[in-house]
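Trainee: Next comes the structure file upload19.tsv, holding TSV, C-alpha atoms.
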```
chain	number	residue	atom	x	y	z
B	196	MET	CA	72.63	33.57	197.51
B	197	SER	CA	70.82	32.91	200.81
B	198	TRP	CA	71.73	30.11	203.20
B	199	ARG	CA	68.42	28.38	202.43
B	200	LYS	CA	69.31	28.15	198.74
B	201	VAL	CA	72.73	26.75	199.59
B	202	LEU	CA	71.19	24.21	202.00
B	203	THR	CA	68.65	23.08	199.40
B	204	ILE	CA	71.35	22.58	196.75
B	205	ILE	CA	73.57	20.61	199.15
B	206	SER	CA	70.69	18.43	200.36
B	207	ILE	CA	69.49	17.47	196.91
B	208	ALA	CA	73.01	16.88	195.63
B	209	ALA	CA	73.56	14.43	198.47
B	210	VAL	CA	70.60	12.20	197.59
B	211	CYS	CA	70.31	12.74	193.84
B	212	ALA	CA	73.61	11.34	192.62
B	213	THR	CA	72.99	8.82	189.81
B	214	GLY	CA	69.83	8.03	187.84
B	215	CYS	CA	68.11	11.31	188.58
B	216	SER	CA	66.77	13.17	185.57
B	217	ILE	CA	64.66	15.97	187.01
B	218	MET	CA	66.05	19.27	188.09
B	219	ASP	CA	67.43	19.37	184.51
B	220	ASP	CA	61.71	26.23	182.98
B	221	GLN	CA	54.33	46.98	186.44
B	222	PRO	CA	54.19	47.80	189.64
B	223	LYS	CA	50.80	46.78	191.01
B	224	LYS	CA	49.49	45.58	194.32
B	225	SER	CA	50.39	42.00	195.27
B	226	GLY	CA	47.91	39.51	193.88
B	227	THR	CA	47.15	41.40	190.65
B	228	SER	CA	48.35	40.36	187.23
B	229	GLU	CA	49.20	41.80	183.87
B	230	THR	CA	49.67	40.37	180.41
B	231	THR	CA	53.30	40.24	179.34
B	232	PRO	CA	54.28	39.41	175.76
B	233	GLY	CA	55.73	35.95	175.34
B	234	LYS	CA	57.40	34.25	172.42
B	235	GLY	CA	54.68	33.50	169.93
B	236	SER	CA	51.91	34.05	172.52
B	237	SER	CA	51.10	36.03	175.63
B	238	HIS	CA	51.14	34.94	179.22
B	239	GLU	CA	50.14	36.51	182.49
B	240	VAL	CA	52.75	37.31	185.09
B	241	LYS	CA	51.15	37.72	188.49
B	242	VAL	CA	52.47	40.31	190.90
B	243	GLU	CA	53.23	38.30	194.03
B	244	HIS	CA	55.35	38.89	197.12
B	245	PRO	CA	58.08	36.21	197.40
B	246	GLN	CA	56.98	35.31	200.93
B	247	ASP	CA	53.46	34.53	199.69
B	248	ALA	CA	54.80	32.48	196.79
B	249	GLU	CA	57.13	30.55	199.10
B	250	ALA	CA	54.25	29.81	201.47
B	251	ARG	CA	52.11	28.50	198.61
B	252	VAL	CA	54.80	26.18	197.27
B	253	GLY	CA	55.60	25.00	200.80
B	254	ARG	CA	51.94	24.17	201.42
B	255	LEU	CA	51.71	22.19	198.19
B	256	SER	CA	54.89	20.28	199.06
B	257	SER	CA	53.40	19.34	202.43
B	258	GLU	CA	50.21	18.18	200.74
B	259	LEU	CA	52.22	15.99	198.35
B	260	LEU	CA	53.96	14.31	201.28
B	261	ASP	CA	50.58	13.77	202.94
B	262	MET	CA	49.32	12.07	199.77
B	263	THR	CA	52.09	9.47	200.00
B	264	GLN	CA	51.30	8.76	203.68
B	265	LEU	CA	55.00	8.07	204.15
B	266	ARG	CA	56.81	8.74	207.42
B	267	GLY	CA	60.41	8.59	206.30
B	268	GLU	CA	63.09	11.23	206.52
B	269	VAL	CA	62.60	14.37	204.45
B	270	THR	CA	65.54	16.40	203.16
B	271	PRO	CA	65.92	19.74	204.95
B	272	GLY	CA	65.44	23.14	203.39
B	273	GLY	CA	62.37	24.88	202.06
B	274	PRO	CA	61.14	26.71	198.97
B	275	SER	CA	63.22	29.63	197.74
B	276	PRO	CA	62.97	32.17	194.91
B	277	VAL	CA	65.04	31.77	191.77
B	278	THR	CA	65.54	35.03	189.91
B	279	PHE	CA	65.92	35.42	186.17
B	280	ASP	CA	68.32	37.35	183.99
B	281	GLN	CA	67.68	41.05	184.52
B	282	LYS	CA	67.35	41.43	180.74
B	283	LYS	CA	64.02	39.63	180.98
B	284	GLY	CA	62.69	42.14	183.48
B	285	LYS	CA	63.67	43.32	186.93
B	286	GLY	CA	61.97	41.50	189.79
B	287	LEU	CA	60.91	38.43	187.82
B	288	TYR	CA	61.29	35.17	189.74
B	289	SER	CA	59.87	31.73	190.37
B	290	VAL	CA	59.89	29.64	193.52
B	291	GLN	CA	61.45	26.16	193.50
B	292	HIS	CA	61.41	23.41	196.10
B	293	ASP	CA	63.44	20.26	195.47
B	294	TRP	CA	63.19	17.64	198.19
B	295	SER	CA	62.91	13.92	198.78
B	296	VAL	CA	61.51	11.41	201.25
B	297	TRP	CA	63.81	8.48	202.04
B	298	LYS	CA	65.07	6.00	204.65
B	299	LEU	CA	62.19	3.68	203.83
B	300	SER	CA	62.08	0.24	202.24
B	301	PRO	CA	61.53	-0.11	198.47
B	302	GLU	CA	58.14	-1.65	199.21
B	303	GLU	CA	57.06	1.28	201.37
B	304	LEU	CA	58.20	3.81	198.78
B	305	ALA	CA	56.42	1.95	195.97
B	306	GLN	CA	53.20	1.94	197.99
B	307	GLY	CA	53.58	5.65	198.70
B	308	TRP	CA	54.13	6.24	194.99
B	309	ASP	CA	50.89	4.48	194.15
B	310	ARG	CA	49.01	6.53	196.74
B	311	LEU	CA	50.50	9.74	195.29
B	312	ARG	CA	49.36	8.81	191.79
B	313	ASP	CA	45.87	7.98	193.06
B	314	GLN	CA	45.48	11.22	195.03
B	315	LEU	CA	46.89	13.83	192.66
B	316	ALA	CA	43.76	14.34	190.56
B	317	LYS	CA	41.60	14.32	193.68
B	318	ARG	CA	43.70	17.11	195.20
B	319	GLY	CA	43.63	19.49	192.26
B	320	TRP	CA	46.56	18.27	190.15
B	321	ARG	CA	46.36	17.43	186.44
B	322	ILE	CA	48.79	14.66	185.50
B	323	THR	CA	50.59	15.45	182.25
B	324	ARG	CA	52.95	12.47	182.27
B	325	ASP	CA	52.93	9.11	183.99
B	326	GLY	CA	55.58	6.78	182.70
B	327	ARG	CA	59.32	6.19	182.67
B	328	ALA	CA	62.01	8.86	182.93
B	329	ASN	CA	64.29	9.52	180.01
B	330	SER	CA	67.38	8.08	181.70
B	331	LYS	CA	69.38	4.86	181.79
B	332	ALA	CA	67.53	3.73	184.89
B	333	GLN	CA	64.11	4.58	183.36
B	334	GLN	CA	62.65	5.10	186.81
B	335	PRO	CA	58.93	5.88	187.19
B	336	GLN	CA	58.17	9.57	186.72
B	337	ILE	CA	55.04	11.64	187.19
B	338	ASP	CA	54.67	15.22	185.95
B	339	ALA	CA	51.64	17.27	186.94
B	340	VAL	CA	50.31	20.83	187.12
B	341	HIS	CA	48.21	22.23	189.93
B	342	GLU	CA	45.02	23.46	188.28
B	343	GLU	CA	44.44	26.44	190.58
B	344	ASP	CA	47.95	27.67	191.37
B	345	HIS	CA	49.65	26.55	188.11
B	346	VAL	CA	52.56	25.10	190.07
B	347	SER	CA	54.45	22.33	188.25
B	348	LEU	CA	55.46	19.02	189.79
B	349	SER	CA	57.95	16.43	188.63
B	350	ALA	CA	58.36	13.37	190.87
B	351	GLU	CA	60.53	10.29	190.46
B	352	LEU	CA	60.58	6.96	192.26
B	353	LEU	CA	64.21	5.91	192.67
B	354	LEU	CA	64.61	2.34	193.92
B	355	ARG	CA	68.36	2.13	193.49
B	356	SER	CA	68.94	-0.76	195.89
B	357	THR	CA	66.87	-3.08	193.70
B	358	ARG	CA	68.79	-2.40	190.49
B	359	LYS	CA	70.96	-5.10	189.03
B	360	ASP	CA	74.63	-4.22	189.23
B	361	ASP	CA	75.50	-4.30	185.55
B	362	GLY	CA	78.36	-1.83	185.93
B	363	ALA	CA	76.51	0.86	184.00
B	364	ASN	CA	76.20	3.16	187.00
B	365	GLY	CA	79.77	2.77	188.26
B	366	PRO	CA	81.08	1.33	191.53
B	367	ASN	CA	80.26	4.45	193.54
B	368	ALA	CA	76.65	4.79	192.38
B	369	SER	CA	74.22	5.68	195.14
B	370	LYS	CA	72.02	2.90	196.49
B	371	THR	CA	69.67	5.26	198.33
B	372	ASP	CA	65.97	4.57	197.75
B	373	LEU	CA	63.74	7.63	197.68
B	374	ILE	CA	60.95	9.59	196.05
B	375	LEU	CA	62.30	12.83	194.62
B	376	PHE	CA	60.06	15.87	194.17
B	377	SER	CA	60.73	19.04	192.21
B	378	ILE	CA	58.07	21.74	192.56
B	379	VAL	CA	58.31	24.96	190.53
B	380	SER	CA	55.94	27.91	190.57
B	381	PRO	CA	54.98	30.04	187.57
B	382	THR	CA	56.94	33.21	186.91
B	383	TYR	CA	55.98	36.02	189.28
B	384	GLN	CA	56.72	39.73	189.36
B	385	ALA	CA	57.86	41.00	192.75
B	386	PRO	CA	56.08	44.12	194.01
B	387	LYS	CA	57.85	47.43	193.50
B	388	GLY	CA	60.75	47.81	195.91
B	389	VAL	CA	60.95	44.10	196.76
B	390	ASP	CA	64.02	42.10	195.72
B	391	PRO	CA	63.32	38.35	195.46
B	392	ASP	CA	67.00	37.62	196.17
B	393	ASP	CA	66.45	38.89	199.71
B	394	PHE	CA	64.23	35.89	200.51
```
Here is a file; write its structure as structure tokens.
Mentor:
Amino acid sequence: MSWRKVLTIISIAAVCATGCSIMDDQPKKSGTSETTPGKGSSHEVKVEHPQDAEARVGRLSSELLDMTQLRGEVTPGGPSPVTFDQKKGKGLYSVQHDWSVWKLSPEELAQGWDRLRDQLAKRGWRITRDGRANSKAQQPQIDAVHEEDHVSLSAELLLRSTRKDDGANGPNASKTDLILFSIVSPTYQAPKGVDPDDF
């Protein structure tokens, strides 16, 4: 496991303590695709170099932050490949980027959340869910898919400092306010001779 993967896990664990429900799915030249049998249907697995996939997910993450127009602190770490069980096929991977923007007031975060919702469709995202998370806190959650790149987004608005202390979250529950993002690419096939775990 690379140091970037370790850093990403540590960073998200530090801010996503309680009330967080997300983070809970051929050799050819890079950029080509082939149809691979799926369960009950078929799906295309694009041959993509991990560096290109990381760059794409990183660009989309930056665009999401721009949509919020927030200037808070962003958790460190960048996108990194996540490989699958070798039984499913050697070189199969996806790229994941879990991050948050925080150290802002609840009012600022709520305004950024509204701007994100307003801008998603205008920036090529199709919203598939806009409601409350399936958790005790029932925080606002937006799920979306990028129409061109087929990258999935799940975002949550966590305003922990405004919650009533009813004892349900325990005495050590985090009071950090933030917007949490989880961005996941489709499944890719690494080019022949390239190991996604090296990136």
Trainee: Excluding B:Pro335 and any residue of its chain fewer than 6 positions from it, enumerate the residues within 8 Å of it, using all atoms listed in the file, and give them as a list in words.
Mentor: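 Close residues of B:Pro335: Asp325, Gly326, Arg327, Ala328, Glu351, Leu352 and Leu353 of chain B.
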Trainee: Report, in Å to a single decimal, how far apart atom CA of B:Ile378 and atom CA of B:Ala248 are.
Mentor: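 Result for atom CA of B:Ala248 versus atom CA of B:Ile378: 12.0 Å, one decimal.
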Trainee: With distances taken over only C-alpha atoms, which residue among B:Thr371, B:Ser330, B:Arg312, B:Gly388 lies nearest B:Leu259?
Mentor: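 Using only C-alpha atoms, B:Leu259 sits closest to B:Arg312.
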Trainee: Skip stretch 342-345 of chain B itself and residues of its chain fewer than 6 positions away, then list as number ranges by chain all residues within 8 Å of it, counting all atoms listed in the file.
Mentor: B: 319-321, 380-381
Trainee: Skip B:Trp308 itself and residues of its chain fewer than 4 positions away, then list as an mmCIF file with C-alpha atoms, keeping the file's coordinate frame all residues within 12 Å of it, counting all atoms listed in the file.
Mentor:
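The resulting selection-v3.cif:
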```
data_model
loop_
_atom_site.group_PDB
_atom_site.id
_atom_site.type_symbol
_atom_site.label_atom_id
_atom_site.label_comp_id
_atom_site.auth_asym_id
_atom_site.auth_seq_id
_atom_site.Cartn_x
_atom_site.Cartn_y
_atom_site.Cartn_z
ATOM 1 C CA LEU B 259 52.220 15.990 198.350
ATOM 2 C CA LEU B 260 53.960 14.310 201.280
ATOM 3 C CA ASP B 261 50.580 13.770 202.940
ATOM 4 C CA MET B 262 49.320 12.070 199.770
ATOM 5 C CA THR B 263 52.090 9.470 200.000
ATOM 6 C CA GLN B 264 51.300 8.760 203.680
ATOM 7 C CA LEU B 265 55.000 8.070 204.150
ATOM 8 C CA VAL B 296 61.510 11.410 201.250
ATOM 9 C CA PRO B 301 61.530 -0.110 198.470
ATOM 10 C CA GLU B 302 58.140 -1.650 199.210
ATOM 11 C CA GLU B 303 57.060 1.280 201.370
ATOM 12 C CA LEU B 304 58.200 3.810 198.780
ATOM 13 C CA ARG B 312 49.360 8.810 191.790
ATOM 14 C CA ASP B 313 45.870 7.980 193.060
ATOM 15 C CA GLN B 314 45.480 11.220 195.030
ATOM 16 C CA LEU B 315 46.890 13.830 192.660
ATOM 17 C CA ASP B 325 52.930 9.110 183.990
ATOM 18 C CA GLN B 334 62.650 5.100 186.810
ATOM 19 C CA PRO B 335 58.930 5.880 187.190
ATOM 20 C CA GLN B 336 58.170 9.570 186.720
ATOM 21 C CA ILE B 337 55.040 11.640 187.190
ATOM 22 C CA ALA B 350 58.360 13.370 190.870
ATOM 23 C CA GLU B 351 60.530 10.290 190.460
ATOM 24 C CA LEU B 352 60.580 6.960 192.260
ATOM 25 C CA LEU B 353 64.210 5.910 192.670
ATOM 26 C CA LEU B 354 64.610 2.340 193.920
ATOM 27 C CA LEU B 373 63.740 7.630 197.680
ATOM 28 C CA ILE B 374 60.950 9.590 196.050
ATOM 29 C CA LEU B 375 62.300 12.830 194.620
ATOM 30 C CA PHE B 376 60.060 15.870 194.170
#
```
Trainee: Kindly give the distance, in Å, that separates atom CA of B:Leu299 and atom CA of B:Arg251, rounded to a single decimal.
Mentor: 27.3 Å
Trainee: Please, what distance in Å, to one decimal, runs between atom CA of B:Val290 and atom CA of B:Thr270?
Mentor: 17.3 Å
Trainee: Given all atoms listed in the file as the basis, pick out the residue of B:Trp297, B:Arg355, B:Ala385, B:Leu348 nearest to B:Ser256.
Mentor: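 The closest residue to B:Ser256 is B:Leu348.
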Trainee: List the neighbours of B:Ile322 out to 7 Å using all atoms listed in the file; skip same-chain residues closer than 3 positions along the sequence, and give me the result as a PyMOL selection string.
Mentor: chain B and resi 338-340
Trainee: Restricting the calculation to only C-alpha atoms: of B:Ser289, B:Ser356, B:Ser347, B:Ser295, which residue gets closest to B:Gly272?
Mentor: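 Smallest distance to B:Gly272 is found for B:Ser295.
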Trainee: Considering all atoms listed in the file, state which residue in the set B:Pro386, B:Asp393, B:Lys285, B:Thr357 is at the smallest distance from B:Val242.
Mentor: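 The answer is B:Pro386, which sits nearest to B:Val242.
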